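Working notes for the structure below.
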Amino acid sequence: MITAEDFDVGAAWHVAAPYDFLRRLRREHPVFRSEHLDAHVLTRYGDVRAAYGDPRRFSSEGSLTISRSLAAETRRVLGEHGSFLSSFVANVDPPAHTRLRRSVSRAFTPRAVAAMERRFRDLNEEVLDRVAPHGGADLVAEIAHVPSARLTARFIGVPEEDEDFVREHVRDWFQLFLSPQPPERQLALAGSFLAYLDYVDRLVAARAAEPRDDFVSLMTSLIGTELSHREVVELISTILLGGNDTVPNQLGNSVLRLLREEVWPVPPELLRTAVEECMRIDGASLGSFRHVTADVELHGVTIPEGSLCLLSTDSAAHDEDVFDAPEEFRPARRNADAHMTLGYGIHFCVGAALARLQLRTALEVLGERLPRLRLAPGAPPVAYRTSIVGRGLTALEVEW
Ligand code: HEM
């Protein structure tokens, strides 16, 4: 029998579909300590939402820097960059957060996001022009990643010829900090990460000398007034990560669900709610970490001051107190957008509108171009990349 001690968000079975297990936890252990994570876990919707809404007690300070799993030699190689992300917007509390968030939000105006729709549609069309004649593909590697990575790179201001470099290095960085790796692999990833930081540094210098109409130039123009140099480098490198993996992961999870449920192509009038329902039921993020700043009493459990907490949005998204028949996929579900896959409160995903636009556009273009899309018969069972914060398929073999 699986018990609360088995809670291990990094394990493959857990990333896949641990819903019976999570249901039992919500009922019997709404709050518990996980040895695997060295953290307390909140599993009920109401508690997760309340914790997101209480940044004084549930602090984001240092919550992303979960570098305890790094070997001593890796830390030595990383030097001061071992505490990388220490000034990233998602990793700090007000008042620093308020200032950083205001700066970064300048780039994500509704107008700027809407202007990206045409470009994103074209990027999807280009990819499909290339792969459509093949009759089948790994949707994750060959279709989902390229348009999102390209769009983000252009929005940020990464020159086209550097896109592959950035894509590879961002992935290495993600692996280094967010999924457990053996020491020798950590060292290789750390080298790649340092080369990437150096690249971003040079990009900032280039835009400072010659500004363009892009995110790097906008943020660079704020150095010395609103932002420090380090804050700008961390913002740029991390937003590249946000755009490189999260949206393609969510798209892969969503297409798998839609094909299995035989909702393909998605009818235009259902696109908006179907995207939300996919994010709810198969979210690309599993939760957020926080540190408690004082002892917190919850459901008879004391979470001691300083403890790390995982707010399990994955469990919250299946909470029967909020979502009727939560295991059922209902593409027209009225309150699907109450999920917290994009976070909630002051740290709510700054790229949410862009993420939603990409998901809707990609599903629309895929539906138009590949109306007979189906899972490839005989393909190996789907597998997920293991990570403590994200859910994404290793591959999704499809044909049309
Ligand atoms: C489906 C895709 C995405 C998912 C599931 C996702 C998920 C999240 C979540 C859960 C948070 C809250 C973190 C916390 O409270 O600790 C967050 C914050 C953030 N996201 Fe996203 N995200 C996505 C796409 C994007 C994109 C496309 C960008 C930018 C290009 C982006 C940039 C950010 C940033 C900068 C923050 C920090 C905001 C703050 O702390 O105020 N995300 N995201």
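Please note that chains go A, B, ... in the order of the structure tokens, that every chain numbers its residues from 1, and that ligands are numbered from 1 in the order shown.
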
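The contact shell of ligand 1, defined as all polymer residues within 6 Å when only C-alpha atoms and all ligand atoms are used, comprises A:Val89, A:Ala90, A:Arg101, A:Ile239, A:Gly242, A:Gly243, A:Thr246, A:Val247, A:Gln250, A:Ala284, A:Ser285, A:Ser288, A:Thr341, A:Leu342, A:Gly343, A:Ile346, A:His347, A:Phe348, A:Cys349, A:Val350, A:Gly351, A:Ala352, A:Leu354, A:Ala355.
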
_Which residues are close to His97 in chain A, i.e. within 12 Å by only C-alpha atoms, leaving aside same-chain residues fewer than 3 positions away? Reply as a PyMOL selection string._
chain A and resi 55+59-61+86-94+100-105+226-227+231+346-348

*Taking the chain letters and numbering used in this document, name the residues of range 115-307 of chain A that DSSP puts in strand (DSSP E or B), as a list in words.*
Gly136, Ala137, Asp138, Ile223, Leu227, Ser285, Ser288, Phe289, Arg290, His291, Val292, Val296, Glu297, Leu298, Val301, Thr302 and Ile303 of chain A

*Record the distance separating CA of Gln175 in chain A and CA of Glu161 in chain A, expressed in Å with one decimal.*
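About the pair CA of Gln175 in chain A and CA of Glu161 in chain A: they are 23.6 Å apart.
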
_Test item: residues at most 10 Å from range 300-302 of chain A, only C-alpha atoms, excluding those fewer than 3 positions along its chain, as a list in words_ = His29, Pro30, Val31, Phe32, Arg33, His40, Asp295, Val296, Glu297 and Glu305 of chain A

May I have the residues from that selection written out with N, CA and C atoms, as an mmCIF file, in the first residue's frame?
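Result file follows (again_21.cif):
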data_model
loop_
_atom_site.group_PDB
_atom_site.id
_atom_site.type_symbol
_atom_site.label_atom_id
_atom_site.label_comp_id
_atom_site.auth_asym_id
_atom_site.auth_seq_id
_atom_site.Cartn_x
_atom_site.Cartn_y
_atom_site.Cartn_z
ATOM 1 N N HIS A 29 -4.437 13.228 4.802
ATOM 2 C CA HIS A 29 -3.227 14.004 5.154
ATOM 3 C C HIS A 29 -3.189 15.295 4.353
ATOM 4 N N PRO A 30 -4.084 16.238 4.662
ATOM 5 C CA PRO A 30 -4.057 17.489 3.895
ATOM 6 C C PRO A 30 -2.730 18.223 4.010
ATOM 7 N N VAL A 31 -2.024 17.977 5.134
ATOM 8 C CA VAL A 31 -0.680 18.524 5.319
ATOM 9 C C VAL A 31 0.187 17.398 5.870
ATOM 10 N N PHE A 32 1.342 17.190 5.293
ATOM 11 C CA PHE A 32 2.245 16.174 5.849
ATOM 12 C C PHE A 32 3.671 16.503 5.451
ATOM 13 N N ARG A 33 4.608 15.865 6.151
ATOM 14 C CA ARG A 33 6.007 16.084 5.820
ATOM 15 C C ARG A 33 6.496 14.986 4.891
ATOM 16 N N HIS A 40 7.238 20.092 3.777
ATOM 17 C CA HIS A 40 5.833 19.794 4.042
ATOM 18 C C HIS A 40 5.048 19.975 2.750
ATOM 19 N N ASP A 295 6.002 29.499 12.684
ATOM 20 C CA ASP A 295 5.303 28.215 12.817
ATOM 21 C C ASP A 295 3.887 28.361 12.251
ATOM 22 N N VAL A 296 3.470 27.396 11.454
ATOM 23 C CA VAL A 296 2.108 27.445 10.899
ATOM 24 C C VAL A 296 1.362 26.192 11.377
ATOM 25 N N GLU A 297 0.185 26.400 11.943
ATOM 26 C CA GLU A 297 -0.671 25.286 12.389
ATOM 27 C C GLU A 297 -1.721 25.044 11.320
ATOM 28 N N GLU A 305 8.760 26.958 11.703
ATOM 29 C CA GLU A 305 9.342 28.125 11.043
ATOM 30 C C GLU A 305 10.569 27.723 10.224
#

Could you produce a table of the residues of range 132-206 of chain A lying within 10 Å of range 382-395 of chain A, with the nearest pair of atoms per residue and their separation in Å rounded to one decimal, using only C-alpha atoms, ordered by chain and increasing residue number, as a tab-separated table?
residue	atom	partner	partner_atom	distance
A:Ala137	CA	A:Ala395	CA	9.6
A:Asp138	CA	A:Ala395	CA	5.9
A:Leu139	CA	A:Ala395	CA	7.0
A:Val140	CA	A:Ala395	CA	5.4
A:Ala141	CA	A:Ala395	CA	6.8
A:Glu142	CA	A:Ala395	CA	9.5
A:Phe174	CA	A:Ser387	CA	9.3
A:Gln175	CA	A:Ser387	CA	8.3
A:Phe177	CA	A:Ser387	CA	10.0
A:Leu178	CA	A:Ser387	CA	6.3
A:Ser179	CA	A:Ser387	CA	5.1
A:Pro180	CA	A:Ser387	CA	8.0

_helix (DSSP H, G or I) positions in range 36-198 of chain A, given as number ranges by chain_ = A: 45-52, 67-69, 72-83, 89-91, 96-105, 110-114, 116-134, 139-156, 160-178, 183-198

*Restricting the calculation to only C-alpha atoms, which member of A:Leu70, A:Pro326, A:Gln358, A:Asn335 is positioned closest to Pro147 in chain A?*
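Nearest candidate to Pro147 in chain A out of A:Leu70, A:Pro326, A:Gln358, A:Asn335: A:Gln358.
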
*Of the candidates A:Glu261, A:Asp172, A:Asp201, A:Glu397, which one gets nearest to Pro331 in chain A if we count only C-alpha atoms?*
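Once distances to Pro331 in chain A are computed over only C-alpha atoms, the minimum belongs to A:Glu261.
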
*In Å, rounded to a single decimal, give me how far CA of Val204 in chain A is from CA of Leu151 in chain A.*
18.9 Å

Could I get the residues of range 19-105 of chain A with an atom no further than 8 Å from an atom of range 308-311 of chain A, each paired with its nearest atom pair and that distance in Å to one decimal, using only C-alpha atoms, sorted by chain and residue number, as JSON lines?
{"residue": "A:Asp38", "atom": "CA", "partner": "A:Leu308", "partner_atom": "CA", "distance": 7.3}
{"residue": "A:Ala39", "atom": "CA", "partner": "A:Leu308", "partner_atom": "CA", "distance": 4.8}
{"residue": "A:His40", "atom": "CA", "partner": "A:Cys309", "partner_atom": "CA", "distance": 4.6}
{"residue": "A:Val41", "atom": "CA", "partner": "A:Leu310", "partner_atom": "CA", "distance": 4.7}
{"residue": "A:Leu42", "atom": "CA", "partner": "A:Leu311", "partner_atom": "CA", "distance": 5.1}
{"residue": "A:Thr43", "atom": "CA", "partner": "A:Leu311", "partner_atom": "CA", "distance": 6.9}
{"residue": "A:Val48", "atom": "CA", "partner": "A:Leu311", "partner_atom": "CA", "distance": 5.3}
{"residue": "A:Ala51", "atom": "CA", "partner": "A:Leu311", "partner_atom": "CA", "distance": 7.5}
{"residue": "A:Tyr52", "atom": "CA", "partner": "A:Leu311", "partner_atom": "CA", "distance": 7.9}
{"residue": "A:Ser63", "atom": "CA", "partner": "A:Leu308", "partner_atom": "CA", "distance": 7.7}

Just N, CA, C and O atoms for this one: save the residues we selected as a PDB file, in the first residue's frame.
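Saved to result_27.pdb:
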ATOM      1  N   ASP A  38      12.069  16.644   1.734  1.00  0.00           N
ATOM      2  CA  ASP A  38      12.499  17.408   2.897  1.00  0.00           C
ATOM      3  C   ASP A  38      11.636  18.665   3.001  1.00  0.00           C
ATOM      4  O   ASP A  38      12.133  19.795   3.154  1.00  0.00           O
ATOM      5  N   ALA A  39      10.344  18.460   2.848  1.00  0.00           N
ATOM      6  CA  ALA A  39       9.418  19.609   2.832  1.00  0.00           C
ATOM      7  C   ALA A  39       8.037  19.149   3.295  1.00  0.00           C
ATOM      8  O   ALA A  39       7.713  17.960   3.225  1.00  0.00           O
ATOM      9  N   HIS A  40       7.238  20.092   3.777  1.00  0.00           N
ATOM     10  CA  HIS A  40       5.833  19.794   4.042  1.00  0.00           C
ATOM     11  C   HIS A  40       5.048  19.975   2.750  1.00  0.00           C
ATOM     12  O   HIS A  40       5.442  20.772   1.890  1.00  0.00           O
ATOM     13  N   VAL A  41       3.960  19.236   2.629  1.00  0.00           N
ATOM     14  CA  VAL A  41       3.186  19.295   1.390  1.00  0.00           C
ATOM     15  C   VAL A  41       1.744  19.665   1.733  1.00  0.00           C
ATOM     16  O   VAL A  41       1.158  19.099   2.665  1.00  0.00           O
ATOM     17  N   LEU A  42       1.187  20.616   0.993  1.00  0.00           N
ATOM     18  CA  LEU A  42      -0.226  21.005   1.149  1.00  0.00           C
ATOM     19  C   LEU A  42      -0.990  20.437  -0.045  1.00  0.00           C
ATOM     20  O   LEU A  42      -0.604  20.685  -1.192  1.00  0.00           O
ATOM     21  N   THR A  43      -2.061  19.698   0.232  1.00  0.00           N
ATOM     22  CA  THR A  43      -2.709  18.989  -0.867  1.00  0.00           C
ATOM     23  C   THR A  43      -4.120  19.493  -1.204  1.00  0.00           C
ATOM     24  O   THR A  43      -4.643  19.165  -2.254  1.00  0.00           O
ATOM     25  N   VAL A  48      -3.891  25.423  -0.486  1.00  0.00           N
ATOM     26  CA  VAL A  48      -2.884  25.838  -1.468  1.00  0.00           C
ATOM     27  C   VAL A  48      -3.141  27.291  -1.874  1.00  0.00           C
ATOM     28  O   VAL A  48      -2.232  28.130  -1.891  1.00  0.00           O
ATOM     29  N   ALA A  51      -2.269  29.685   0.911  1.00  0.00           N
ATOM     30  CA  ALA A  51      -0.819  29.844   1.092  1.00  0.00           C
ATOM     31  C   ALA A  51      -0.251  30.768   0.001  1.00  0.00           C
ATOM     32  O   ALA A  51       0.556  31.661   0.287  1.00  0.00           O
ATOM     33  N   TYR A  52      -0.686  30.584  -1.241  1.00  0.00           N
ATOM     34  CA  TYR A  52      -0.251  31.489  -2.323  1.00  0.00           C
ATOM     35  C   TYR A  52      -0.633  32.939  -1.995  1.00  0.00           C
ATOM     36  O   TYR A  52       0.079  33.869  -2.326  1.00  0.00           O
ATOM     37  N   SER A  63      13.047  30.192  -2.592  1.00  0.00           N
ATOM     38  CA  SER A  63      12.268  28.958  -2.757  1.00  0.00           C
ATOM     39  C   SER A  63      12.618  28.199  -4.037  1.00  0.00           C
ATOM     40  O   SER A  63      12.366  27.009  -4.145  1.00  0.00           O
TER      41      SER A  63
END

*Residues near Ala71 in chain A, cut-off 12 Å, only C-alpha atoms, skip fewer than 5 positions along chain, as a PyMOL selection string*: chain A and resi 76-78+82+176-177+180-187+190

Would you output that residue set with N, CA and C atoms, as a compact mmCIF listing (two decimals), in the first residue's frame?
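Listed below is the output, out.txt:
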# COMPACT_ATOMS: atom_id res chain seq x y z
N ARG A 76 31.53 24.15 -5.95
CA ARG A 76 32.79 24.88 -6.06
C ARG A 76 32.91 25.48 -7.48
N VAL A 77 32.59 24.64 -8.48
CA VAL A 77 32.70 25.10 -9.87
C VAL A 77 31.74 26.26 -10.13
N LEU A 78 30.55 26.17 -9.54
CA LEU A 78 29.55 27.23 -9.78
C LEU A 78 29.90 28.53 -9.04
N GLY A 82 26.23 29.44 -7.73
CA GLY A 82 25.50 28.36 -7.05
C GLY A 82 24.22 28.90 -6.45
N LEU A 176 20.17 20.71 -14.20
CA LEU A 176 21.12 20.88 -13.10
C LEU A 176 20.41 21.28 -11.81
N PHE A 177 19.52 22.25 -11.91
CA PHE A 177 18.93 22.80 -10.69
C PHE A 177 17.64 22.12 -10.27
N PRO A 180 17.30 15.63 -9.97
CA PRO A 180 18.49 15.03 -9.36
C PRO A 180 19.42 14.43 -10.43
N GLN A 181 20.73 14.68 -10.31
CA GLN A 181 21.70 14.18 -11.28
C GLN A 181 22.90 13.61 -10.54
N PRO A 182 23.55 12.57 -11.11
CA PRO A 182 24.78 12.07 -10.48
C PRO A 182 25.89 13.14 -10.56
N PRO A 183 26.88 13.11 -9.61
CA PRO A 183 27.88 14.18 -9.53
C PRO A 183 28.60 14.47 -10.85
N GLU A 184 29.01 13.44 -11.61
CA GLU A 184 29.79 13.73 -12.82
C GLU A 184 28.92 14.43 -13.88
N ARG A 185 27.64 14.09 -13.92
CA ARG A 185 26.72 14.77 -14.84
C ARG A 185 26.51 16.23 -14.38
N GLN A 186 26.43 16.41 -13.08
CA GLN A 186 26.27 17.76 -12.53
C GLN A 186 27.39 18.67 -13.01
N LEU A 187 28.62 18.13 -13.03
CA LEU A 187 29.77 18.96 -13.43
C LEU A 187 29.65 19.39 -14.88
N ALA A 190 27.02 22.00 -15.07
CA ALA A 190 27.46 23.28 -14.48
C ALA A 190 28.30 24.06 -15.50

Can you list, as an mmCIF file with C-alpha atoms, in the first residue's frame, every protein, DNA or RNA residue that comes within 12 Å of Arg118 in chain A when you count only C-alpha atoms, leaving out same-chain residues fewer than 5 positions away?
data_model
loop_
_atom_site.group_PDB
_atom_site.id
_atom_site.type_symbol
_atom_site.label_atom_id
_atom_site.label_comp_id
_atom_site.auth_asym_id
_atom_site.auth_seq_id
_atom_site.Cartn_x
_atom_site.Cartn_y
_atom_site.Cartn_z
ATOM 1 C CA ALA A 112 2.631 43.060 -27.037
ATOM 2 C CA VAL A 113 1.214 39.577 -26.399
ATOM 3 C CA LEU A 123 6.176 29.494 -36.843
ATOM 4 C CA ASN A 124 3.763 26.580 -36.381
ATOM 5 C CA GLU A 125 2.892 26.566 -40.077
ATOM 6 C CA PRO A 147 7.763 27.331 -32.374
ATOM 7 C CA LEU A 151 8.927 32.849 -30.365
ATOM 8 C CA LEU A 357 -2.180 32.334 -26.611
ATOM 9 C CA GLN A 358 0.470 29.831 -27.687
ATOM 10 C CA THR A 361 -2.916 28.931 -31.494
ATOM 11 C CA ALA A 362 -0.920 25.684 -31.626
ATOM 12 C CA VAL A 365 -3.148 25.234 -36.363
#

*Go through A:Leu218, A:Leu235, A:Val322, A:Val398 one by one, measure the shortest atom-to-atom distance of each to Arg260 in chain A using only C-alpha atoms, and give the residue with the smallest value.*
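Counting only C-alpha atoms, the residue closest to Arg260 in chain A is A:Val398.
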
*From the list A:His134, A:Glu234, A:His339, A:Leu240, which residue is nearest Thr273 in chain A when using only C-alpha atoms?*
A:His339

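Proximity to Val232 in chain A was assessed for A:Leu251, A:Leu396, A:Val266, A:Leu197 counting only C-alpha atoms; the smallest distance is recorded for A:Leu197.
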
*Can you tell me how far CA of Arg290 in chain A sits from CA of Gly306 in chain A, in Å to one decimal?*
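It comes out at 9.5 Å.
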
*Do a neighbour search on range 208-216 of chain A at 8 Å with only C-alpha atoms, toss out local chain neighbours closer than 4 positions, and write the hits as a ChimeraX atom specification.*
/A:107,154-157,203-204,220-221,236

Keeping all heavy atoms for every residue in the selection just given, could you write it to a file as a JSON list (two decimals), in the first residue's frame?
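Wrote part.json, looks like this:
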[["chain", "number", "residue", "atom", "x", "y", "z"],
["A", 107, "ALA", "N", 7.01, 44.45, -20.34],
["A", 107, "ALA", "CA", 7.22, 43.77, -21.62],
["A", 107, "ALA", "C", 6.02, 42.89, -22.01],
["A", 107, "ALA", "O", 5.90, 42.49, -23.15],
["A", 107, "ALA", "CB", 8.47, 42.91, -21.54],
["A", 154, "ARG", "N", 12.83, 35.25, -30.06],
["A", 154, "ARG", "CA", 12.68, 36.52, -30.79],
["A", 154, "ARG", "C", 12.15, 37.63, -29.89],
["A", 154, "ARG", "O", 12.58, 38.76, -29.98],
["A", 154, "ARG", "CB", 11.73, 36.33, -31.98],
["A", 154, "ARG", "CG", 12.27, 35.27, -32.87],
["A", 154, "ARG", "CD", 12.12, 35.55, -34.34],
["A", 154, "ARG", "NE", 12.65, 34.37, -35.02],
["A", 154, "ARG", "CZ", 12.07, 33.78, -36.04],
["A", 154, "ARG", "NH1", 10.97, 34.29, -36.55],
["A", 154, "ARG", "NH2", 12.61, 32.72, -36.59],
["A", 155, "PHE", "N", 11.23, 37.25, -29.02],
["A", 155, "PHE", "CA", 10.67, 38.21, -28.07],
["A", 155, "PHE", "C", 11.79, 38.74, -27.16],
["A", 155, "PHE", "O", 11.90, 39.94, -26.91],
["A", 155, "PHE", "CB", 9.58, 37.50, -27.27],
["A", 155, "PHE", "CG", 9.10, 38.23, -26.06],
["A", 155, "PHE", "CD1", 8.36, 39.40, -26.19],
["A", 155, "PHE", "CD2", 9.35, 37.74, -24.78],
["A", 155, "PHE", "CE1", 7.90, 40.07, -25.05],
["A", 155, "PHE", "CE2", 8.90, 38.40, -23.66],
["A", 155, "PHE", "CZ", 8.17, 39.57, -23.80],
["A", 156, "ILE", "N", 12.63, 37.84, -26.68],
["A", 156, "ILE", "CA", 13.72, 38.24, -25.79],
["A", 156, "ILE", "C", 14.76, 39.05, -26.56],
["A", 156, "ILE", "O", 15.33, 40.00, -26.04],
["A", 156, "ILE", "CB", 14.42, 36.99, -25.17],
["A", 156, "ILE", "CG1", 13.42, 36.11, -24.42],
["A", 156, "ILE", "CG2", 15.59, 37.37, -24.29],
["A", 156, "ILE", "CD1", 12.95, 36.62, -23.12],
["A", 157, "GLY", "N", 15.02, 38.63, -27.81],
["A", 157, "GLY", "CA", 16.02, 39.33, -28.60],
["A", 157, "GLY", "C", 17.26, 38.48, -28.85],
["A", 157, "GLY", "O", 18.33, 39.01, -29.13],
["A", 203, "LEU", "N", 25.10, 39.36, -24.37],
["A", 203, "LEU", "CA", 23.90, 39.88, -25.06],
["A", 203, "LEU", "C", 23.46, 41.21, -24.43],
["A", 203, "LEU", "O", 23.10, 42.17, -25.13],
["A", 203, "LEU", "CB", 22.78, 38.83, -24.93],
["A", 203, "LEU", "CG", 21.54, 39.01, -25.80],
["A", 203, "LEU", "CD1", 21.91, 38.98, -27.29],
["A", 203, "LEU", "CD2", 20.52, 37.91, -25.50],
["A", 204, "VAL", "N", 23.51, 41.26, -23.09],
["A", 204, "VAL", "CA", 23.14, 42.49, -22.38],
["A", 204, "VAL", "C", 24.08, 43.63, -22.80],
["A", 204, "VAL", "O", 23.64, 44.75, -23.10],
["A", 204, "VAL", "CB", 23.18, 42.26, -20.84],
["A", 204, "VAL", "CG1", 23.09, 43.57, -20.08],
["A", 204, "VAL", "CG2", 22.05, 41.32, -20.43],
["A", 220, "THR", "N", 17.60, 46.10, -20.16],
["A", 220, "THR", "CA", 18.93, 46.72, -20.05],
["A", 220, "THR", "C", 18.80, 48.23, -19.82],
["A", 220, "THR", "O", 19.59, 48.82, -19.08],
["A", 220, "THR", "CB", 19.75, 46.42, -21.32],
["A", 220, "THR", "OG1", 19.79, 45.00, -21.50],
["A", 220, "THR", "CG2", 21.18, 46.93, -21.21],
["A", 221, "SER", "N", 17.77, 48.81, -20.43],
["A", 221, "SER", "CA", 17.59, 50.27, -20.28],
["A", 221, "SER", "C", 17.20, 50.64, -18.84],
["A", 221, "SER", "O", 17.25, 51.79, -18.46],
["A", 221, "SER", "CB", 16.52, 50.78, -21.27],
["A", 221, "SER", "OG", 15.24, 50.38, -20.82],
["A", 236, "ILE", "N", 16.50, 37.61, -17.79],
["A", 236, "ILE", "CA", 16.58, 37.17, -19.19],
["A", 236, "ILE", "C", 16.78, 35.66, -19.27],
["A", 236, "ILE", "O", 16.07, 34.95, -19.99],
["A", 236, "ILE", "CB", 17.72, 37.91, -19.91],
["A", 236, "ILE", "CG1", 17.38, 39.40, -20.01],
["A", 236, "ILE", "CG2", 17.97, 37.32, -21.30],
["A", 236, "ILE", "CD1", 18.54, 40.28, -20.39]]

_At a cut-off of 9 Å, using only C-alpha atoms, what residues contact Ala294 in chain A? Leave out same-chain residues fewer than 6 positions from it and give the result as a list in words._
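Contacts, in chain order: Arg57, Phe58, Ile303, Pro304, Glu305, Gly306 and Ser307 of chain A.
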
Output N, CA and C atoms for every residue in the selection just made, as a compact mmCIF listing (two decimals), in the first residue's frame.
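Output file part_13.txt is given in full below:
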# COMPACT_ATOMS: atom_id res chain seq x y z
N ARG A 57 3.62 34.83 5.29
CA ARG A 57 3.90 33.58 6.02
C ARG A 57 4.49 32.51 5.11
N PHE A 58 4.07 32.52 3.82
CA PHE A 58 4.60 31.54 2.86
C PHE A 58 5.49 32.31 1.88
N ILE A 303 3.80 23.22 11.08
CA ILE A 303 4.89 23.34 10.11
C ILE A 303 5.88 24.31 10.75
N PRO A 304 7.06 23.81 11.16
CA PRO A 304 7.97 24.69 11.92
C PRO A 304 8.54 25.82 11.06
N GLU A 305 8.76 26.96 11.70
CA GLU A 305 9.34 28.12 11.04
C GLU A 305 10.57 27.72 10.22
N GLY A 306 10.68 28.24 9.03
CA GLY A 306 11.85 27.96 8.18
C GLY A 306 11.66 26.75 7.28
N SER A 307 10.59 25.95 7.51
CA SER A 307 10.41 24.74 6.69
C SER A 307 10.07 25.10 5.26
